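Student: Got a file for you: coords_7.txt, compact mmCIF, C-alpha atoms.
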```txt
# COMPACT_ATOMS: atom_id res chain seq x y z
CA HIS O 1 383.88 -238.99 47.42
CA GLY O 2 384.15 -242.31 45.60
CA GLN O 3 383.04 -243.35 42.12
CA ASP O 4 379.65 -244.50 43.43
CA ASP O 5 378.96 -241.04 44.90
CA ILE O 6 379.87 -239.35 41.63
CA TRP O 7 377.61 -241.70 39.68
CA GLU O 8 374.71 -241.06 42.08
CA ALA O 9 374.87 -237.37 41.14
CA THR O 10 375.37 -238.09 37.43
CA GLU O 11 372.77 -240.82 36.80
CA PRO O 12 369.71 -238.47 36.68
CA LEU O 13 371.36 -236.54 33.84
CA VAL O 14 372.04 -239.73 31.88
CA GLN O 15 368.34 -240.53 32.31
CA SER O 16 367.58 -237.10 30.84
CA ALA O 17 369.51 -238.12 27.70
CA VAL O 18 367.27 -241.20 27.48
CA ASP O 19 364.25 -238.89 27.82
CA GLY O 20 365.33 -236.81 24.81
CA PHE O 21 367.47 -234.02 26.26
CA ASN O 22 370.97 -232.84 25.42
CA VAL O 23 373.22 -233.58 28.40
CA THR O 24 376.86 -232.72 29.06
CA VAL O 25 379.12 -233.86 31.89
CA PHE O 26 382.66 -232.54 32.16
CA ALA O 27 385.48 -232.73 34.68
CA TYR O 28 387.61 -229.67 35.48
CA GLY O 29 390.77 -229.33 37.57
CA GLN O 30 394.55 -229.24 37.57
CA THR O 31 396.64 -231.99 36.03
CA GLY O 32 396.81 -235.11 38.21
CA SER O 33 393.66 -234.30 40.19
CA GLY O 34 391.69 -237.35 38.99
CA LYS O 35 389.63 -236.13 36.03
CA SER O 36 390.40 -239.04 33.71
CA TYR O 37 389.93 -241.50 36.56
CA THR O 38 386.51 -239.95 37.30
CA MET O 39 385.46 -240.27 33.66
CA LEU O 40 387.19 -243.48 32.61
CA GLY O 41 387.87 -245.29 35.90
CA ASP O 42 390.73 -247.75 36.19
CA GLY O 43 390.23 -249.11 32.69
CA ASP O 44 388.23 -252.17 33.81
CA SER O 45 384.54 -251.84 32.92
CA THR O 46 383.65 -254.64 35.37
CA SER O 47 385.37 -253.25 38.48
CA ALA O 48 383.86 -251.22 41.32
CA ASN O 49 386.07 -248.30 40.27
CA GLU O 50 384.63 -247.94 36.77
CA GLY O 51 384.14 -244.36 35.64
CA ILE O 52 381.16 -242.31 34.54
CA ILE O 53 381.45 -243.32 30.88
CA SER O 54 381.27 -247.08 31.56
CA ARG O 55 378.34 -246.69 33.93
CA ALA O 56 376.51 -244.37 31.52
CA ILE O 57 376.94 -246.83 28.65
CA ARG O 58 375.48 -249.63 30.76
CA LYS O 59 372.50 -247.48 31.75
CA LEU O 60 371.83 -246.41 28.16
CA PHE O 61 371.73 -249.99 26.88
CA ASN O 62 369.56 -251.08 29.82
CA SER O 63 367.18 -248.25 28.91
CA LYS O 64 367.22 -249.37 25.26
CA ARG O 65 366.19 -252.89 26.29
CA ASP O 66 363.45 -251.58 28.62
CA ILE O 67 361.95 -249.26 25.97
CA GLU O 68 361.90 -251.96 23.29
CA GLU O 69 360.47 -254.63 25.60
CA LEU O 70 357.79 -252.44 27.20
CA SER O 71 356.64 -251.08 23.83
CA ARG O 72 356.25 -254.66 22.50
CA GLY O 73 357.88 -253.86 19.21
CA GLU O 74 356.20 -250.51 18.65
CA ARG O 75 359.43 -248.62 19.36
CA SER O 76 363.08 -249.26 18.60
CA VAL O 77 366.23 -247.55 19.86
CA SER O 78 369.53 -246.90 18.10
CA LEU O 79 372.77 -245.58 19.57
CA ASN O 80 375.81 -244.11 17.87
CA VAL O 81 379.04 -242.81 19.36
CA GLU O 82 381.54 -240.09 18.48
CA MET O 83 385.02 -239.63 19.99
CA LEU O 84 386.92 -236.39 19.46
CA GLU O 85 390.24 -235.09 20.75
CA ILE O 86 391.36 -231.46 20.88
CA TYR O 87 395.16 -231.47 20.72
CA ASN O 88 397.11 -228.22 20.27
CA GLU O 89 393.89 -226.51 19.11
CA GLN O 90 393.33 -229.14 16.42
CA VAL O 91 390.24 -231.36 16.47
CA ARG O 92 391.02 -235.01 15.71
CA ASP O 93 388.65 -237.93 15.24
CA LEU O 94 389.83 -240.82 17.41
CA LEU O 95 387.56 -243.26 15.55
CA ARG O 96 389.20 -242.60 12.22
CA ALA O 97 391.70 -245.17 10.91
CA GLY O 98 395.25 -243.90 11.17
CA SER O 99 394.67 -241.77 14.29
CA GLU O 100 396.97 -244.07 16.24
CA THR O 101 399.97 -243.52 14.00
CA ASP O 102 399.54 -239.96 12.77
CA GLU O 103 397.55 -236.85 13.53
CA GLY O 104 395.62 -237.01 10.26
CA THR O 105 393.65 -234.09 8.84
CA PRO O 106 392.18 -231.88 11.57
CA LEU O 107 388.41 -231.46 11.48
CA LYS O 108 386.74 -228.11 10.92
CA ILE O 109 384.05 -226.85 13.26
CA VAL O 110 380.83 -225.40 11.89
CA GLY O 111 378.58 -224.00 14.59
CA SER O 112 379.20 -226.44 17.42
CA GLU O 113 379.71 -229.57 15.29
CA ALA O 114 382.90 -231.18 13.96
CA VAL O 115 382.38 -231.61 10.21
CA GLY O 116 383.27 -235.06 8.88
CA SER O 117 383.56 -236.85 12.22
CA ILE O 118 382.61 -240.53 12.39
CA ARG O 119 379.44 -241.39 14.28
CA LYS O 120 379.63 -245.12 14.68
CA PRO O 121 376.43 -247.14 15.27
CA VAL O 122 376.74 -249.51 18.24
CA THR O 123 374.54 -252.43 19.23
CA CYS O 124 375.95 -253.60 22.58
CA GLU O 125 378.00 -252.48 25.58
CA ALA O 126 381.02 -254.60 24.64
CA GLU O 127 381.24 -252.83 21.29
CA VAL O 128 381.41 -249.42 22.98
CA PHE O 129 383.99 -250.58 25.54
CA LYS O 130 386.16 -251.83 22.68
CA ILE O 131 385.89 -248.42 20.98
CA LEU O 132 386.77 -246.68 24.24
CA LYS O 133 389.94 -248.73 24.69
CA MET O 134 390.99 -248.04 21.12
CA ALA O 135 390.38 -244.30 21.53
CA GLN O 136 392.31 -244.20 24.80
CA ARG O 137 395.31 -245.75 23.05
CA ARG O 138 395.11 -243.09 20.36
CA ARG O 139 394.75 -240.19 22.78
CA CYS O 140 397.86 -238.11 23.49
CA VAL O 141 399.17 -238.91 26.99
CA LYS O 142 402.68 -238.04 28.22
CA ALA O 143 404.69 -237.87 31.42
CA THR O 144 405.48 -234.51 33.03
CA GLN O 145 407.00 -233.56 36.36
CA SER O 146 403.47 -232.83 37.60
CA ASN O 147 401.82 -236.05 36.38
CA ALA O 148 403.26 -239.33 35.07
CA THR O 149 400.22 -239.93 32.83
CA SER O 150 399.18 -236.42 31.87
CA SER O 151 396.43 -236.05 29.25
CA ARG O 152 397.77 -233.61 26.66
CA SER O 153 394.39 -233.12 25.01
CA HIS O 154 390.71 -232.60 25.75
CA LEU O 155 388.57 -235.69 25.11
CA LEU O 156 384.92 -235.42 24.05
CA PHE O 157 382.89 -238.64 24.03
CA SER O 158 379.33 -238.38 22.68
CA VAL O 159 376.46 -240.87 22.51
CA GLN O 160 373.28 -240.18 20.57
CA PHE O 161 370.20 -242.03 21.86
CA CYS O 162 367.45 -242.16 19.21
CA VAL O 163 363.97 -243.60 19.78
CA TYR O 164 361.97 -244.54 16.66
CA ASN O 165 358.30 -245.38 16.14
CA GLN O 166 357.19 -248.57 14.41
CA ASP O 167 356.89 -246.76 11.06
CA GLY O 168 360.50 -245.59 11.30
CA SER O 169 359.74 -241.98 12.22
CA SER O 170 361.82 -240.39 14.97
CA ALA O 171 360.05 -240.04 18.32
CA GLN O 172 362.80 -238.39 20.33
CA THR O 173 366.56 -237.95 20.31
CA GLY O 174 368.81 -237.41 23.31
CA LYS O 175 372.55 -236.81 23.36
CA LEU O 176 375.08 -237.41 26.11
CA ASN O 177 378.43 -235.60 25.94
CA VAL O 178 381.15 -236.57 28.40
CA CYS O 179 384.19 -234.30 28.32
CA ASP O 180 387.49 -235.16 30.02
CA LEU O 181 389.41 -231.89 29.99
CA ALA O 182 393.18 -231.77 30.03
CA GLY O 183 394.41 -230.34 33.32
CA SER O 184 395.75 -226.85 33.82
CA GLU O 185 399.47 -226.67 34.60
CA ARG O 186 401.82 -224.16 36.21
CA LEU O 187 405.02 -224.08 34.19
CA SER O 188 407.00 -223.48 37.38
CA LYS O 189 405.92 -226.95 38.56
CA SER O 190 405.74 -228.96 35.34
CA CYS O 191 409.02 -227.51 33.95
CA ALA O 192 407.69 -228.26 30.47
CA THR O 193 409.94 -227.56 27.48
CA GLY O 194 409.77 -228.19 23.73
CA ALA O 195 406.64 -230.07 22.63
CA LEU O 196 405.39 -230.33 26.21
CA LEU O 197 405.62 -226.56 26.58
CA LYS O 198 403.58 -226.01 23.41
CA GLU O 199 400.94 -228.47 24.62
CA THR O 200 400.80 -226.79 28.04
CA GLN O 201 400.33 -223.37 26.48
CA HIS O 202 397.45 -224.60 24.29
CA ILE O 203 395.81 -226.38 27.24
CA ASN O 204 396.06 -223.37 29.55
CA LEU O 205 394.83 -220.98 26.85
CA SER O 206 391.77 -223.09 26.05
CA LEU O 207 390.92 -223.43 29.75
CA SER O 208 391.36 -219.69 30.18
CA THR O 209 388.94 -219.14 27.28
CA LEU O 210 386.49 -221.55 28.91
CA SER O 211 386.68 -219.53 32.14
CA ASN O 212 386.18 -216.29 30.20
CA VAL O 213 383.11 -217.72 28.45
CA ILE O 214 381.65 -218.73 31.82
CA GLU O 215 382.22 -215.22 33.19
CA LYS O 216 380.45 -213.66 30.19
CA LEU O 217 377.51 -216.07 30.51
CA GLN O 218 377.24 -215.39 34.23
CA ALA O 219 377.20 -211.62 33.58
CA GLY O 220 374.46 -212.00 30.96
CA ASP O 221 376.69 -210.60 28.21
CA THR O 222 375.29 -210.94 24.67
CA ASN O 223 378.75 -211.21 23.07
CA ILE O 224 380.08 -214.60 24.18
CA PRO O 225 383.54 -215.55 22.76
CA PHE O 226 382.72 -219.20 21.99
CA ARG O 227 384.84 -219.11 18.83
CA ASP O 228 388.02 -218.14 20.69
CA SER O 229 388.90 -221.83 21.13
CA LYS O 230 387.97 -225.21 19.64
CA LEU O 231 386.89 -226.43 23.08
CA THR O 232 384.32 -223.68 23.68
CA SER O 233 383.13 -223.95 20.06
CA LEU O 234 382.29 -227.63 20.54
CA LEU O 235 380.77 -226.99 23.98
CA GLN O 236 378.73 -223.97 22.85
CA ASN O 237 375.32 -225.63 23.22
CA SER O 238 376.37 -227.29 26.46
CA LEU O 239 377.43 -224.02 28.09
CA GLY O 240 374.98 -221.48 26.74
CA GLY O 241 372.22 -223.28 24.93
CA ASN O 242 369.89 -226.25 24.98
CA SER O 243 371.53 -228.60 27.48
CA LYS O 244 371.55 -229.97 30.99
CA THR O 245 375.16 -229.68 32.12
CA LEU O 246 377.06 -231.05 35.12
CA CYS O 247 380.57 -229.86 35.99
CA ILE O 248 382.67 -232.08 38.27
CA ILE O 249 385.50 -230.24 40.01
CA CYS O 250 388.52 -232.40 40.80
CA CYS O 251 390.98 -231.11 43.42
CA ASN O 252 394.33 -232.31 44.72
CA PRO O 253 394.24 -232.38 48.57
CA LEU O 254 397.97 -231.69 49.04
CA GLN O 255 398.96 -228.33 50.56
CA THR O 256 401.45 -227.69 47.76
CA HIS O 257 398.53 -227.52 45.31
CA PHE O 258 396.50 -225.00 47.35
CA HIS O 259 396.65 -222.31 44.65
CA GLU O 260 395.41 -224.65 41.89
CA THR O 261 392.63 -225.98 44.13
CA LEU O 262 391.50 -222.45 44.95
CA CYS O 263 391.37 -221.59 41.23
CA SER O 264 389.26 -224.69 40.55
CA LEU O 265 386.82 -223.80 43.34
CA ARG O 266 386.51 -220.26 42.02
CA PHE O 267 385.69 -221.71 38.59
CA ALA O 268 383.03 -223.90 40.24
CA ALA O 269 381.48 -220.86 41.93
CA LYS O 270 381.24 -219.06 38.57
CA ILE O 271 379.80 -221.93 36.54
CA ASN O 272 377.25 -222.69 39.25
CA LYS O 273 375.58 -219.34 38.50
CA VAL O 274 375.08 -219.97 34.78
CA ASP O 275 371.42 -220.57 33.94
CA LEU O 276 370.66 -223.08 31.16
CA LYS O 277 367.29 -223.91 29.61
CA ALA O 278 367.12 -227.45 28.23
CA VAL O 279 364.30 -228.45 25.84
CA GLN O 280 363.25 -232.03 25.10
CA ASN O 281 364.01 -233.09 21.52
CA PHE O 282 360.65 -234.67 20.75
CA SER O 283 358.86 -235.31 17.45
CA ALA O 284 355.12 -235.88 17.43
```
Using the file provided, produce a representation of the structure as structure tokens.

Tutor:
Amino acid sequence: HGQDDIWEATEPLVQSAVDGFNVTVFAYGQTGSGKSYTMLGDGDSTSANEGIISRAIRKLFNSKRDIEELSRGERSVSLNVEMLEIYNEQVRDLLRAGSETDEGTPLKIVGSEAVGSIRKPVTCEAEVFKILKMAQRRRCVKATQSNATSSRSHLLFSVQFCVYNQDGSSAQTGKLNVCDLAGSERLSKSCATGALLKETQHINLSLSTLSNVIEKLQAGDTNIPFRDSKLTSLLQNSLGGNSKTLCIICCNPLQTHFHETLCSLRFAAKINKVDLKAVQNFSA
């Protein structure tokens, strides 16, 4: 499937965020299978190969214009963005000054929110694309034997879509979370050592926790280990609460990656059985 096919399946969920629902889209698969390409495209927001994030941003701002024009001034819309990175089980704010040169102070998680993260108001598409490029530069990406541009962290991009009445009261609030997960790695293939080895271990452990959480949710267990990793803590509402969630499975077609592809498909079969109940965030 191409980028257009992926967007066709994703667009109704982005519309749900406009309508006041919490929505999450995340890509899962081994390293080098195309997750970042699916989410971010080829880096050009004007090309036919643009990713889900660029297309979603364009749709959100088109919806903002439509709502404000059709309401004839009775309603206004504001958007703000948040960009987080989970690197070695530490949550970093990619919008914070200094993130490009040092790791900074890791953020604490309370409930399913990163305390102290920057939520930057945005007024146009170009402003968001500029933020995206800056955040991509700050994200930890390294070369391994499995992937020349391997993401060494999980990326969580969030957009809050708020609709206000003429008197300034909130009418409804939707939120779109787009998560580009770091890919799982087999040490026998990546041959990671030193810092790369530590990163790989943290990535694999967090993905294993994610899989365990999905299994518990599928079984209807009341004791879900969301707090076992930063990733599942931040995705708690998306996985087991008030959210509409889409999981995109990325697979490498080569025979040598058969085992990893099979694991990804088994994960897809498990997550497909999780039942979520989304509620519209509406204020009378």

Student: Go ahead and compute the interatomic distance for atom CA of O:Gln166 and atom CA of O:Arg58, in Å to one decimal.

Tutor: 24.6 Å

Student: Do you know which residues are at most 12 Å from O:Arg72 counting only C-alpha atoms, after dropping those on the same chain fewer than 6 positions away, and could you put them as a count of residues only?

Tutor: 4

Student: Can you tell me which residues surround stretch 212-218 of chain O at a distance of at most 10 Å, considering only C-alpha atoms, apart from same-chain residues fewer than 4 positions away, and format the answer as a list in words?

Tutor: Ser206, Leu207, Ser208, Thr222, Asn223, Ile224, Pro225, Phe226, Arg227, Asp228, Thr232, Gln236, Leu239, Gly240, Phe267, Ala268, Lys270, Ile271, Asn272, Lys273, Val274, Asp275 and Leu276 of chain O

Student: Rounded to one decimal place, report the atom CA of O:Ile249-atom CA of O:Leu181 distance in Å.

Tutor: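 Atom-to-atom, atom CA of O:Ile249 to atom CA of O:Leu181, that is 10.9 Å.
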
Student: Closest to O:Glu11 among O:Ile109, O:Arg75, O:Leu156, O:Leu176, using only C-alpha atoms?

Tutor: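 Result for the nearest residue to O:Glu11: O:Leu176.
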
Student: List as a PyMOL selection string the protein and nucleic acid residues near O:Arg119, meaning an atom at most 9 Å away when only C-alpha atoms are counted, but skip any in the same chain fewer than 2 places from it.

Tutor: chain O and resi 80-83+95+117+121+158-160

Student: Please return the centre and edge lengths, in Å to one decimal, of a box with edges along x, y and z that contains all listed atoms of stretch 162-180 of chain O, widened by 4 Å on every side, as AutoDock Vina command-line options.

Tutor:
```
--center_x 372.2 --center_y -241.4 --center_z 20.5 --size_x 38.6 --size_y 22.3 --size_z 27.0
```

Student: How many Å lie between atom CA of O:Leu107 and atom CA of O:Arg92, rounded to one decimal?

Tutor: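 Taking atom CA of O:Leu107 and atom CA of O:Arg92, their separation equals 6.1 Å.
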
Student: Which residues, written as a PyMOL selection string, have at least one atom at most 6 Å from O:Val77, with all atoms listed in the file counted and residues fewer than 5 positions away on the same chain left out?

Tutor: chain O and resi 64+162-163

Student: Choose the residue, out of O:Phe61, O:Tyr37, O:Tyr87, O:Trp7, that has the smallest atom-to-atom separation from O:Lys230; count all atoms listed in the file.

Tutor: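 Closest to O:Lys230 of all the choices is O:Tyr87.
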
Student: Identify the residues within 8 Å of coordinate (380.7, -243.9, 39.8) (same frame as the file), considering only C-alpha atoms, and give the answer as a short mmCIF file (atom, residue, chain, number, x, y, z; two decimals) with C-alpha atoms, in the frame of the given file.

Tutor:
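The result, stored in part14.cif:
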```cif
data_model
loop_
_atom_site.label_atom_id
_atom_site.label_comp_id
_atom_site.auth_asym_id
_atom_site.auth_seq_id
_atom_site.Cartn_x
_atom_site.Cartn_y
_atom_site.Cartn_z
CA GLY O 2 384.15 -242.31 45.60
CA GLN O 3 383.04 -243.35 42.12
CA ASP O 4 379.65 -244.50 43.43
CA ASP O 5 378.96 -241.04 44.90
CA ILE O 6 379.87 -239.35 41.63
CA TRP O 7 377.61 -241.70 39.68
CA GLU O 8 374.71 -241.06 42.08
CA THR O 38 386.51 -239.95 37.30
CA ASN O 49 386.07 -248.30 40.27
CA GLU O 50 384.63 -247.94 36.77
CA GLY O 51 384.14 -244.36 35.64
CA ILE O 52 381.16 -242.31 34.54
CA ARG O 55 378.34 -246.69 33.93
#
```

Student: Taking all atoms listed in the file into account, which of O:Val122, O:Ala56, O:Cys251, O:Met134 comes nearest O:Gly29?

Tutor: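 The closest residue to O:Gly29 is O:Cys251.
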
Student: Residues near O:Gln90, anyone? I mean within 10 Å using all atoms listed in the file, not counting same-chain ones fewer than 2 positions away, as a PyMOL selection string.

Tutor: chain O and resi 85-88+92+103+105-108+153+202+229-231

Student: For a quick check of understanding, using only C-alpha atoms, which of O:Thr10, O:Gln280, O:Thr123, O:Thr209 has the smallest distance to O:Cys247?

Tutor: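 For O:Cys247, the nearest of the candidates is O:Thr10.
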
Student: Closest to O:Leu40 among O:Val178, O:Ile67, O:Leu262, O:Leu246, using only C-alpha atoms?

Tutor: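 Ranked by minimum distance to O:Leu40, first place goes to O:Val178.
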
Student: Which one of O:Ser33, O:Gln172, O:Asn62, O:Ser54 sits closest to O:Ile248 if you count all atoms listed in the file?

Tutor: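 Distance minimum relative to O:Ile248 lands on O:Ser33.
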